[in-house]
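Heads up, the thing below is written out as structure tokens.
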Amino acid sequence: MSNIFFEVLRPGINTTFQDGGRFHMQHFGVTPGGCMDIESFLIANALVGNSSNEGVIEFAYQGPLLKLIKGKTKISITGNVLFQIKKLNEEAIKGQCYRTYNLDEGDQLDILATKQSAYGYMALEGGFDLKYFCKSVSILDRAEIGSNDGKKIKTNDKINIKRNRNEKKNFRTNFSNTNRDTIRVLKGPQFDSFAKDSQKDFFSKNYKISNLTDRMGMRLEGSIIKNIVSTNIRSEGITKGAIQVPADGQPIILLTDYPTIGGYPKIANVISADYNLLIQKTPGEKIFFKLIELREAEQLYKEHLNNISKTIKNIKEIN
Amino acid sequence: MFKKLNNIGDCGIVCDFGDEVSRSINTSVIKLFYYIKKEVSEGNLDGVLNYTPSYNKLIINFDLGKINSSKIKDFLNSVDFSKLKTSQNSKKWTIPICYDFEMDLTNMSKTLKIDKDKIIDIHLNTNFFIYMVGFIPGHPFMGDLDSKLFLNRLKTPRVKIPAGSVGIVEKFCNIYSYESPGGWNIIGRTPTKLFNKKDESNPCLLSPGDSVKFKSVSKKEFEKLNNE
């Protein structure tokens with residue numbers, strides 16, 4: 001057990017430990033979970049020299065205020081995040097995302113807010129000292145599964161760190177947050193259950209992201225999608241990004257913590273390459289859906305992975 | 001044998017076994033499920049992340065960075081269904097239920113025009129078959145209820161249903177393994193815990209293919225079992 005730790009002075013709104021997710025468990029009713037924005041997660045770990053699946057802190061809208069009580073460490077913050085580091089000597093450093101900072105005993109990291117986005121990430125050189133459940137630290141609070149007894153981070157929690165920092169140098173990379181209101185999708189398995197006019201509306205009118213949006217799902221408001229076959233189907237396995245339409249005709253996009261089985265017909269499925277873009281959108285924003293073909297989705301995902309690799313390859317020492 | 005293969009998103013495949021919900025169709029789904037699970041554990045299907053059986057379908061989720069849908073379809077089309085076995089012996093369970101925790105028996109009795117006691121009697125005498133587990137961890141979908149008890153979901157689902165609640169809809173019976181929102185007609189509650197986090201390789205008490213009979217217990221017995 002290391003003796004290096006943070007104390008949580010303010011937890012933030014929805015602050016959890018996450019990694020790449022928990023797999024081979026969906027048949028038990030355990031959703032894969034993991035970081036909402038895998039791209040930001042991978043870059044955060046790469047910046048501090050961690051392996052790609054090391055656990056990080058994910059926060060939404062408002063992040064935590066952490067005080068390093070013992071030890072020294074190196075952190076990185078990714079996403080589009082406003083934060084500052086308060087040194088023990090009262091000096092305040094305005095934080096920049098996509099670079100690392102050394103923290104020393106007594107320093108405070110104040111993650112104030114995510115800007116025009118929902119999720120941000122904090123990684124730590126060497127990683128947090130966390131408990132695993134089925135090879136993942138990701139928490140699922142409904143079933144209290146994962147690290148931290150499956151709970152969100154709360155005030156006065158002690159966050160243990162595996163080791164002191166080894167690397168004195170700091171690093172940065174270039175990353176520009178993209179924003180576009182078009183989300184590309186593939187046809188869903190029950191696409192033909194919906195009226196022709198509704199299919200047309202779905203791909204031409206905008207949908208507003210509602211306040212009822214969390215890690216499990218994103219509820220949309222817009223043109224009513226009419227079902228002409230049945231508003232319930234035999235419950236079946238779910239995929240991340242599935243867009244289901246219940247009887248009220250308002251689509252719900254199932255996100256990372258999706259229920260493993262669901263009984264609503266699905267009109268479409270968000271492509272993997274656009275998933276990070278989607279989940280970073282905030283309530284009130286409007287989105288359009290564009291239908292593409294599987295081949296194109298596969299190609300776009302390759303490009304998406306290549307872009308992540310490029311960002312990671314471009315990590316450079318700060319002089 | 002599945003009837004067709006469809007894509008679900010760019011990193012999922014649906015094996016569709018037909019529209020019916022029957023034990024024989026479900027058994028084929030489960031056989032394929034165990035076969036894929038075995039192939040994955042032996043390292044023959046790198047990139048496959050999840051395989052989720054439901055009544056009449058098996059959904060396979062994969063990492064698009066490692067494998068794609070056409071490769072998975074080729075694999076599925078090469079499976080020799082005549083050689084598949086269910087790798088598990090199905091178990092028989094007796095699950096205690098306390099009907100004092102019902103929420104909907106009065107309304108059900110009115111809608112079905114059957115006495116509450118008779119509803120309980122039919123429920124207690126049903127030998128349930130577990131079709132699938134999911135929605136939330138450890139949550140079983142079981143059948144088949146007598147057609148006399150067929151009911152729809154509640155018009156407005158409840159925001160919170162206590163853990164252990166036992167519900168029915170159409171010919172199916174479920175047990176809410178955790179507090180959850182839900183629209184099933186609640187007839188009682190069980191103290192039995194359905195998901196054990198300490199057993200990482202097999203955390204669910206109930207598995208598809210198992211059978212369940214309920215045993216009525218008093219509130220006092222419920223409390224005692226619940227505290228064990």
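Chains: A, B, ... in order of the structure tokens. Residues: from 1 per chain. Ligands: from 1, in order shown.
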
Could you give me, as a tab-separated table, every chain A residue with an atom at most 10 Å from chain B, plus its closest atom pair and distance in Å to one decimal, counting only C-alpha atoms, rows ordered by chain then number?
```
residue	atom	partner	partner_atom	distance
A:Arg22	CA	B:Leu49	CA	8.9
A:Phe23	CA	B:Leu49	CA	5.5
A:His24	CA	B:Asn50	CA	4.8
A:Met25	CA	B:Asn50	CA	6.8
A:Gln26	CA	B:Asn50	CA	6.0
A:His27	CA	B:Thr52	CA	4.7
A:Phe28	CA	B:Gly138	CA	5.7
A:Gly29	CA	B:Gly134	CA	3.6
A:Val30	CA	B:Pro137	CA	5.0
A:Thr31	CA	B:Ile136	CA	7.9
A:Pro32	CA	B:Asn50	CA	8.5
A:Phe133	CA	B:Glu200	CA	7.0
A:Cys134	CA	B:Glu200	CA	5.8
A:Lys135	CA	B:Glu200	CA	9.3
A:Leu140	CA	B:Pro137	CA	10.0
A:Arg142	CA	B:Tyr178	CA	7.2
A:Ala143	CA	B:Tyr178	CA	6.6
A:Glu144	CA	B:Lys197	CA	9.0
A:Ile145	CA	B:Lys197	CA	7.2
A:Gly146	CA	B:Lys197	CA	9.0
A:Val185	CA	B:Gly9	CA	7.8
A:Leu186	CA	B:Gly9	CA	6.0
A:Lys187	CA	B:Gly9	CA	7.6
A:Gly188	CA	B:Ile8	CA	6.3
A:Pro189	CA	B:Ile8	CA	6.2
A:Gln190	CA	B:Ile8	CA	9.9
A:Ile233	CA	B:Asp19	CA	9.8
A:Arg234	CA	B:Tyr55	CA	7.4
A:Ser235	CA	B:Ser54	CA	6.9
A:Glu236	CA	B:Ser54	CA	5.3
A:Gly237	CA	B:Ile59	CA	5.6
A:Ile238	CA	B:Ile59	CA	7.6
A:Thr239	CA	B:Gly12	CA	6.8
A:Lys240	CA	B:Gly9	CA	8.3
A:Gly241	CA	B:Gly9	CA	7.7
A:Ala242	CA	B:Gly9	CA	7.2
A:Ile243	CA	B:Gly9	CA	9.9
A:Tyr258	CA	B:Phe135	CA	8.4
A:Pro259	CA	B:Phe135	CA	4.7
A:Thr260	CA	B:Phe135	CA	4.6
A:Ile261	CA	B:Phe135	CA	4.5
A:Gly262	CA	B:Phe135	CA	6.7
A:Gly263	CA	B:Phe135	CA	9.8
A:Lys266	CA	B:Ile8	CA	9.4
A:Ala268	CA	B:Gly9	CA	7.7
A:Asn269	CA	B:Gly9	CA	5.0
A:Val270	CA	B:Gly9	CA	6.7
A:Ile271	CA	B:Asp10	CA	6.1
A:Ser272	CA	B:Asp10	CA	6.8
A:Ala273	CA	B:Asp10	CA	9.5
A:Glu293	CA	B:Asp10	CA	9.3
A:Leu294	CA	B:Asp10	CA	6.2
A:Arg295	CA	B:Asp10	CA	8.7
A:Glu296	CA	B:Asp10	CA	9.7
A:Ala297	CA	B:Asp10	CA	6.6
A:Glu298	CA	B:Asp10	CA	6.7
A:Tyr301	CA	B:Leu64	CA	7.7
A:Lys302	CA	B:Gly65	CA	7.2
A:Leu305	CA	B:Gly65	CA	7.7
```

Those same residues, written as a short mmCIF file (atom, residue, chain, number, x, y, z; two decimals), in the first residue's frame with C-alpha atoms?
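Writing done, so here's part.cif:
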```
data_model
loop_
_atom_site.label_atom_id
_atom_site.label_comp_id
_atom_site.auth_asym_id
_atom_site.auth_seq_id
_atom_site.Cartn_x
_atom_site.Cartn_y
_atom_site.Cartn_z
CA ARG A 22 -15.46 -4.33 -18.73
CA PHE A 23 -16.07 -6.95 -21.38
CA HIS A 24 -17.28 -10.57 -21.67
CA MET A 25 -19.92 -9.79 -18.99
CA GLN A 26 -22.92 -8.52 -20.93
CA HIS A 27 -24.65 -11.93 -20.73
CA PHE A 28 -24.67 -11.50 -16.92
CA GLY A 29 -26.44 -8.17 -17.33
CA VAL A 30 -23.23 -6.20 -16.74
CA THR A 31 -22.83 -3.36 -19.21
CA PRO A 32 -19.31 -2.67 -20.57
CA PHE A 133 -13.79 -6.12 -10.76
CA CYS A 134 -13.53 -8.41 -13.78
CA LYS A 135 -10.40 -6.70 -15.09
CA LEU A 140 -21.46 0.99 -12.38
CA ARG A 142 -26.64 1.07 -10.06
CA ALA A 143 -25.09 -2.25 -8.99
CA GLU A 144 -22.19 -0.81 -6.96
CA ILE A 145 -19.71 -2.63 -9.17
CA GLY A 146 -16.08 -1.62 -9.67
CA VAL A 185 -25.57 6.75 -38.29
CA LEU A 186 -26.33 3.36 -39.81
CA LYS A 187 -29.85 1.99 -40.21
CA GLY A 188 -31.08 0.23 -37.07
CA PRO A 189 -32.44 -3.33 -37.02
CA GLN A 190 -36.06 -2.12 -36.88
CA ILE A 233 -40.26 -5.72 -29.64
CA ARG A 234 -39.00 -8.91 -28.05
CA SER A 235 -36.26 -7.70 -25.71
CA GLU A 236 -32.85 -8.15 -27.31
CA GLY A 237 -29.18 -7.35 -26.69
CA ILE A 238 -28.11 -3.72 -27.02
CA THR A 239 -25.14 -1.99 -28.63
CA LYS A 240 -23.60 1.33 -27.66
CA GLY A 241 -25.04 4.17 -29.73
CA ALA A 242 -28.33 2.39 -30.54
CA ILE A 243 -31.13 4.92 -31.13
CA TYR A 258 -26.64 1.08 -21.47
CA PRO A 259 -29.02 -1.56 -20.08
CA THR A 260 -27.75 -4.83 -21.61
CA ILE A 261 -31.15 -5.87 -22.96
CA GLY A 262 -33.93 -3.65 -24.26
CA GLY A 263 -37.35 -3.94 -25.82
CA LYS A 266 -34.22 0.91 -32.94
CA ALA A 268 -30.54 3.79 -36.22
CA ASN A 269 -27.14 3.35 -34.60
CA VAL A 270 -24.49 6.04 -34.17
CA ILE A 271 -21.24 5.08 -35.95
CA SER A 272 -18.23 4.40 -33.72
CA ALA A 273 -16.21 7.24 -35.30
CA GLU A 293 -23.30 2.83 -45.24
CA LEU A 294 -21.36 0.27 -43.21
CA ARG A 295 -18.24 0.40 -45.42
CA GLU A 296 -17.94 4.14 -44.92
CA ALA A 297 -18.45 3.79 -41.14
CA GLU A 298 -15.64 1.24 -41.00
CA TYR A 301 -13.37 4.51 -37.69
CA LYS A 302 -9.92 3.63 -39.14
CA LEU A 305 -8.03 5.61 -34.72
#
```

Per-residue DSSP, stretch 26-248 of chain A, filtered to strand (DSSP E or B), as a compact mmCIF listing (two decimals) with N, CA, C and O atoms, in the first residue's frame:
```txt
# COMPACT_ATOMS: atom_id res chain seq x y z
N VAL A 56 -8.56 6.19 -14.95
CA VAL A 56 -8.47 7.66 -14.85
C VAL A 56 -9.69 8.17 -14.08
O VAL A 56 -10.61 7.40 -13.77
N ILE A 57 -9.68 9.47 -13.80
CA ILE A 57 -10.88 10.09 -13.24
C ILE A 57 -11.66 10.75 -14.38
O ILE A 57 -11.09 11.51 -15.16
N GLU A 58 -12.93 10.42 -14.48
CA GLU A 58 -13.83 11.08 -15.43
C GLU A 58 -14.72 12.03 -14.66
O GLU A 58 -15.22 11.68 -13.60
N PHE A 59 -14.90 13.25 -15.19
CA PHE A 59 -15.82 14.18 -14.55
C PHE A 59 -16.73 14.77 -15.62
O PHE A 59 -16.41 14.77 -16.80
N ALA A 60 -17.88 15.28 -15.16
CA ALA A 60 -18.84 15.86 -16.11
C ALA A 60 -19.23 17.25 -15.60
O ALA A 60 -19.56 17.41 -14.43
N GLN A 62 -18.85 19.90 -13.90
CA GLN A 62 -17.95 20.44 -12.88
C GLN A 62 -17.06 19.30 -12.37
O GLN A 62 -17.56 18.23 -12.03
N LEU A 65 -12.20 19.12 -6.80
CA LEU A 65 -11.10 19.88 -6.21
C LEU A 65 -10.33 18.88 -5.34
O LEU A 65 -10.87 18.34 -4.36
N LEU A 66 -9.07 18.63 -5.74
CA LEU A 66 -8.28 17.60 -5.07
C LEU A 66 -7.05 18.22 -4.43
O LEU A 66 -6.41 19.09 -5.02
N LYS A 67 -6.71 17.75 -3.24
CA LYS A 67 -5.50 18.23 -2.59
C LYS A 67 -4.54 17.05 -2.42
O LYS A 67 -4.92 16.00 -1.88
N LEU A 68 -3.30 17.25 -2.91
CA LEU A 68 -2.30 16.20 -2.77
C LEU A 68 -1.73 16.27 -1.35
O LEU A 68 -0.97 17.18 -1.02
N ILE A 69 -2.14 15.35 -0.52
CA ILE A 69 -1.77 15.39 0.90
C ILE A 69 -0.35 14.87 1.11
O ILE A 69 0.43 15.42 1.87
N LYS A 70 -0.03 13.78 0.41
CA LYS A 70 1.29 13.15 0.56
C LYS A 70 1.84 12.80 -0.81
O LYS A 70 1.10 12.35 -1.68
N THR A 73 3.40 13.85 -7.78
CA THR A 73 2.86 13.13 -8.92
C THR A 73 2.85 14.03 -10.15
O THR A 73 3.20 15.21 -10.09
N LYS A 74 2.46 13.43 -11.27
CA LYS A 74 2.34 14.17 -12.52
C LYS A 74 0.96 13.87 -13.10
O LYS A 74 0.54 12.73 -13.12
N ILE A 75 0.28 14.93 -13.54
CA ILE A 75 -1.08 14.74 -14.06
C ILE A 75 -1.21 15.27 -15.48
O ILE A 75 -0.41 16.08 -15.94
N SER A 76 -2.27 14.79 -16.14
CA SER A 76 -2.68 15.39 -17.42
C SER A 76 -4.20 15.52 -17.40
O SER A 76 -4.89 14.71 -16.77
N ILE A 77 -4.69 16.56 -18.05
CA ILE A 77 -6.13 16.76 -18.17
C ILE A 77 -6.46 16.84 -19.66
O ILE A 77 -5.79 17.56 -20.40
N THR A 78 -7.48 16.08 -20.08
CA THR A 78 -7.89 16.16 -21.49
C THR A 78 -9.37 16.43 -21.59
O THR A 78 -10.12 16.23 -20.63
N VAL A 81 -11.40 21.68 -20.88
CA VAL A 81 -11.60 21.82 -19.44
C VAL A 81 -10.92 23.08 -18.90
O VAL A 81 -9.79 23.41 -19.28
N LEU A 82 -11.63 23.77 -18.02
CA LEU A 82 -11.09 24.93 -17.32
C LEU A 82 -10.60 24.45 -15.95
O LEU A 82 -11.39 23.94 -15.16
N PHE A 83 -9.28 24.60 -15.69
CA PHE A 83 -8.79 24.16 -14.38
C PHE A 83 -7.59 24.99 -13.95
O PHE A 83 -6.98 25.69 -14.76
N GLN A 84 -7.28 24.93 -12.67
CA GLN A 84 -6.09 25.62 -12.19
C GLN A 84 -5.41 24.78 -11.12
O GLN A 84 -6.01 23.91 -10.49
N ILE A 85 -4.10 25.08 -10.97
CA ILE A 85 -3.32 24.39 -9.94
C ILE A 85 -2.90 25.44 -8.93
O ILE A 85 -2.34 26.47 -9.30
N LYS A 86 -3.26 25.19 -7.67
CA LYS A 86 -2.87 26.13 -6.62
C LYS A 86 -1.70 25.52 -5.87
O LYS A 86 -1.85 24.49 -5.21
N ALA A 92 -1.02 30.54 -8.32
CA ALA A 92 -2.05 29.81 -9.05
C ALA A 92 -1.65 29.70 -10.52
O ALA A 92 -1.30 30.69 -11.15
N ILE A 93 -1.65 28.49 -11.03
CA ILE A 93 -1.27 28.26 -12.42
C ILE A 93 -2.54 27.94 -13.20
O ILE A 93 -3.29 27.04 -12.84
N LYS A 94 -2.77 28.70 -14.27
CA LYS A 94 -3.94 28.44 -15.11
C LYS A 94 -3.65 27.20 -15.95
O LYS A 94 -2.62 27.13 -16.63
N ARG A 99 -1.49 18.76 -21.79
CA ARG A 99 -0.11 18.84 -21.34
C ARG A 99 -0.06 18.32 -19.89
O ARG A 99 -1.09 18.14 -19.26
N THR A 100 1.14 18.03 -19.43
CA THR A 100 1.26 17.48 -18.08
C THR A 100 1.72 18.56 -17.10
O THR A 100 2.29 19.59 -17.50
N TYR A 101 1.45 18.33 -15.83
CA TYR A 101 1.90 19.21 -14.76
C TYR A 101 2.43 18.36 -13.61
O TYR A 101 1.85 17.31 -13.30
N ASN A 102 3.49 18.84 -12.98
CA ASN A 102 3.97 18.17 -11.77
C ASN A 102 3.22 18.74 -10.56
O ASN A 102 3.05 19.95 -10.45
N LEU A 103 2.77 17.86 -9.71
CA LEU A 103 2.13 18.30 -8.46
C LEU A 103 2.99 17.85 -7.29
O LEU A 103 3.50 16.72 -7.28
N GLN A 108 -3.02 21.93 -4.81
CA GLN A 108 -4.43 21.62 -5.07
C GLN A 108 -4.70 21.70 -6.57
O GLN A 108 -4.23 22.62 -7.24
N LEU A 109 -5.48 20.74 -7.04
CA LEU A 109 -5.91 20.74 -8.43
C LEU A 109 -7.40 21.05 -8.43
O LEU A 109 -8.20 20.30 -7.88
N ASP A 110 -7.75 22.18 -9.04
CA ASP A 110 -9.14 22.61 -9.03
C ASP A 110 -9.70 22.54 -10.45
O ASP A 110 -9.40 23.38 -11.29
N ILE A 111 -10.48 21.50 -10.70
CA ILE A 111 -11.07 21.32 -12.03
C ILE A 111 -12.43 22.00 -12.02
O ILE A 111 -13.41 21.48 -11.48
N LEU A 112 -12.47 23.21 -12.60
CA LEU A 112 -13.64 24.07 -12.43
C LEU A 112 -14.82 23.64 -13.30
O LEU A 112 -15.93 23.52 -12.81
N ALA A 113 -14.57 23.43 -14.59
CA ALA A 113 -15.71 23.16 -15.48
C ALA A 113 -15.24 22.62 -16.83
O ALA A 113 -14.11 22.86 -17.24
N THR A 114 -16.14 21.91 -17.49
CA THR A 114 -15.90 21.55 -18.88
C THR A 114 -16.54 22.65 -19.72
O THR A 114 -17.64 23.11 -19.42
N TYR A 119 -17.71 15.92 -20.87
CA TYR A 119 -16.79 15.09 -20.07
C TYR A 119 -15.33 15.52 -20.19
O TYR A 119 -14.89 15.93 -21.27
N GLY A 120 -14.62 15.39 -19.09
CA GLY A 120 -13.18 15.63 -19.07
C GLY A 120 -12.50 14.51 -18.30
O GLY A 120 -13.15 13.74 -17.57
N TYR A 121 -11.16 14.42 -18.48
CA TYR A 121 -10.41 13.29 -17.91
C TYR A 121 -9.14 13.75 -17.23
O TYR A 121 -8.49 14.69 -17.68
N MET A 122 -8.80 13.06 -16.16
CA MET A 122 -7.57 13.33 -15.45
C MET A 122 -6.81 12.01 -15.27
O MET A 122 -7.33 11.06 -14.68
N ALA A 123 -5.60 11.97 -15.84
CA ALA A 123 -4.75 10.79 -15.67
C ALA A 123 -3.56 11.18 -14.80
O ALA A 123 -3.26 12.36 -14.63
N LEU A 124 -2.88 10.16 -14.30
CA LEU A 124 -1.85 10.36 -13.30
C LEU A 124 -0.70 9.42 -13.63
O LEU A 124 -0.94 8.24 -13.91
N PHE A 128 -3.84 5.47 -10.50
CA PHE A 128 -4.50 5.44 -9.19
C PHE A 128 -4.46 4.01 -8.66
O PHE A 128 -4.47 3.05 -9.44
N PHE A 133 -12.76 -5.08 -10.69
CA PHE A 133 -13.79 -6.12 -10.76
C PHE A 133 -13.84 -6.58 -12.21
O PHE A 133 -14.07 -5.76 -13.12
N SER A 136 -11.55 -4.59 -14.69
CA SER A 136 -11.79 -3.18 -14.96
C SER A 136 -12.05 -2.43 -13.66
O SER A 136 -12.61 -2.99 -12.72
N LEU A 140 -20.08 1.00 -11.93
CA LEU A 140 -21.46 0.99 -12.38
C LEU A 140 -22.26 1.21 -11.11
O LEU A 140 -22.42 0.30 -10.30
N ILE A 145 -20.77 -1.78 -8.62
CA ILE A 145 -19.71 -2.63 -9.17
C ILE A 145 -18.50 -1.75 -9.48
O ILE A 145 -18.65 -0.62 -9.91
N LYS A 158 -10.42 9.51 0.17
CA LYS A 158 -8.96 9.47 0.02
C LYS A 158 -8.68 8.72 -1.28
O LYS A 158 -9.19 7.60 -1.46
N ILE A 159 -7.94 9.34 -2.17
CA ILE A 159 -7.63 8.68 -3.45
C ILE A 159 -6.16 8.29 -3.46
O ILE A 159 -5.28 9.14 -3.52
N ASN A 160 -5.91 6.99 -3.38
CA ASN A 160 -4.53 6.52 -3.32
C ASN A 160 -3.88 6.46 -4.69
O ASN A 160 -4.52 6.15 -5.70
N ILE A 161 -2.59 6.76 -4.71
CA ILE A 161 -1.82 6.77 -5.94
C ILE A 161 -0.80 5.63 -5.84
O ILE A 161 -0.27 5.37 -4.76
N PHE A 171 5.27 17.12 -20.64
CA PHE A 171 4.99 16.82 -22.05
C PHE A 171 3.70 17.47 -22.50
O PHE A 171 2.82 17.77 -21.71
N ARG A 172 3.61 17.65 -23.83
CA ARG A 172 2.37 18.20 -24.39
C ARG A 172 2.12 17.61 -25.77
O ARG A 172 3.01 17.04 -26.39
N THR A 182 -23.59 17.39 -37.14
CA THR A 182 -24.09 16.20 -37.85
C THR A 182 -23.47 14.94 -37.25
O THR A 182 -22.25 14.84 -37.13
N ILE A 183 -24.35 14.03 -36.86
CA ILE A 183 -23.92 12.74 -36.32
C ILE A 183 -24.28 11.67 -37.36
O ILE A 183 -25.43 11.57 -37.77
N ARG A 184 -23.27 10.90 -37.76
CA ARG A 184 -23.52 9.90 -38.79
C ARG A 184 -24.00 8.58 -38.17
O ARG A 184 -23.51 8.18 -37.12
N VAL A 185 -24.95 7.97 -38.84
CA VAL A 185 -25.57 6.75 -38.29
C VAL A 185 -25.73 5.69 -39.38
O VAL A 185 -25.68 5.99 -40.57
N LEU A 186 -25.93 4.46 -38.92
CA LEU A 186 -26.33 3.36 -39.81
C LEU A 186 -27.78 3.04 -39.51
O LEU A 186 -28.28 3.35 -38.43
N LYS A 187 -28.46 2.39 -40.46
CA LYS A 187 -29.85 1.99 -40.21
C LYS A 187 -29.90 1.02 -39.04
O LYS A 187 -29.04 0.13 -38.94
N PHE A 194 -40.73 1.98 -38.94
CA PHE A 194 -41.13 3.37 -38.81
C PHE A 194 -41.70 3.90 -40.13
O PHE A 194 -41.27 3.50 -41.21
N TYR A 207 -32.71 17.48 -33.83
CA TYR A 207 -33.16 16.96 -32.54
C TYR A 207 -32.38 17.65 -31.44
O TYR A 207 -31.16 17.80 -31.53
N LYS A 208 -33.13 18.08 -30.41
CA LYS A 208 -32.49 18.78 -29.30
C LYS A 208 -32.16 17.80 -28.18
O LYS A 208 -32.99 16.97 -27.82
N ILE A 209 -30.96 17.92 -27.64
CA ILE A 209 -30.54 17.06 -26.53
C ILE A 209 -31.23 17.56 -25.26
O ILE A 209 -31.13 18.74 -24.92
N SER A 210 -31.96 16.68 -24.57
CA SER A 210 -32.72 17.11 -23.39
C SER A 210 -31.86 17.02 -22.13
O SER A 210 -30.77 16.47 -22.13
N ASN A 211 -32.41 17.59 -21.05
CA ASN A 211 -31.72 17.52 -19.76
C ASN A 211 -31.64 16.10 -19.23
O ASN A 211 -30.82 15.79 -18.37
N LEU A 212 -32.55 15.24 -19.70
CA LEU A 212 -32.57 13.86 -19.21
C LEU A 212 -31.51 13.05 -19.95
O LEU A 212 -31.81 12.19 -20.77
N THR A 213 -30.27 13.38 -19.68
CA THR A 213 -29.17 12.73 -20.36
C THR A 213 -28.11 12.39 -19.32
O THR A 213 -27.77 13.22 -18.48
N GLY A 217 -28.02 7.09 -21.11
CA GLY A 217 -28.74 7.42 -22.33
C GLY A 217 -28.90 8.91 -22.53
O GLY A 217 -28.76 9.70 -21.60
N MET A 218 -29.18 9.28 -23.79
CA MET A 218 -29.38 10.67 -24.16
C MET A 218 -30.78 10.78 -24.76
O MET A 218 -31.06 10.15 -25.77
N ARG A 219 -31.64 11.53 -24.08
CA ARG A 219 -33.00 11.69 -24.60
C ARG A 219 -33.06 12.90 -25.52
O ARG A 219 -32.48 13.94 -25.22
N LEU A 220 -33.74 12.73 -26.64
CA LEU A 220 -33.82 13.79 -27.64
C LEU A 220 -35.25 14.30 -27.75
O LEU A 220 -36.20 13.57 -27.47
N GLU A 221 -35.36 15.57 -28.16
CA GLU A 221 -36.68 16.17 -28.40
C GLU A 221 -36.70 16.68 -29.82
O GLU A 221 -35.80 17.39 -30.25
N ASN A 227 -44.24 4.80 -35.29
CA ASN A 227 -44.01 3.38 -35.51
C ASN A 227 -45.26 2.80 -36.15
O ASN A 227 -46.37 3.04 -35.67
N GLU A 236 -34.05 -7.59 -26.70
CA GLU A 236 -32.85 -8.15 -27.31
C GLU A 236 -31.62 -7.39 -26.86
O GLU A 236 -31.73 -6.29 -26.30
N GLY A 237 -30.45 -7.96 -27.09
CA GLY A 237 -29.18 -7.35 -26.69
C GLY A 237 -29.00 -5.97 -27.32
O GLY A 237 -29.51 -5.69 -28.40
N ALA A 242 -27.04 2.77 -29.95
CA ALA A 242 -28.33 2.39 -30.54
C ALA A 242 -29.34 3.51 -30.27
O ALA A 242 -29.40 4.05 -29.18
N ILE A 243 -30.12 3.87 -31.29
CA ILE A 243 -31.13 4.92 -31.13
C ILE A 243 -32.50 4.25 -31.12
O ILE A 243 -32.99 3.77 -32.14
N GLN A 244 -33.08 4.16 -29.92
CA GLN A 244 -34.37 3.48 -29.79
C GLN A 244 -35.49 4.51 -29.73
O GLN A 244 -35.27 5.65 -29.31
```

**Report entry** Counting only C-alpha atoms, the residue of A:Phe202, A:Phe289, A:Phe17, A:Tyr275 that sits nearest A:Lys131
**Finding:**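 Residue with the minimum atom-to-atom distance to A:Lys131: A:Phe17.
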
Query raised in the report: Tell me, which residues of stretch 119-252 of chain A carry DSSP alpha helix (DSSP H), written as a PyMOL selection string?
Result: chain A and resi 196-204

Could you dump the residues just selected with C-alpha atoms as a compact mmCIF listing (two decimals), in the first residue's frame?
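What follows is the written file selection_29.txt:
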```txt
# COMPACT_ATOMS: atom_id res chain seq x y z
CA LYS A 196 -41.70 6.66 -44.36
CA ASP A 197 -42.45 10.29 -43.41
CA SER A 198 -40.89 9.74 -39.99
CA GLN A 199 -37.76 8.23 -41.54
CA LYS A 200 -37.50 11.33 -43.72
CA ASP A 201 -37.99 13.64 -40.70
CA PHE A 202 -35.38 11.74 -38.74
CA PHE A 203 -32.72 12.50 -41.35
CA SER A 204 -33.75 16.06 -42.17
```
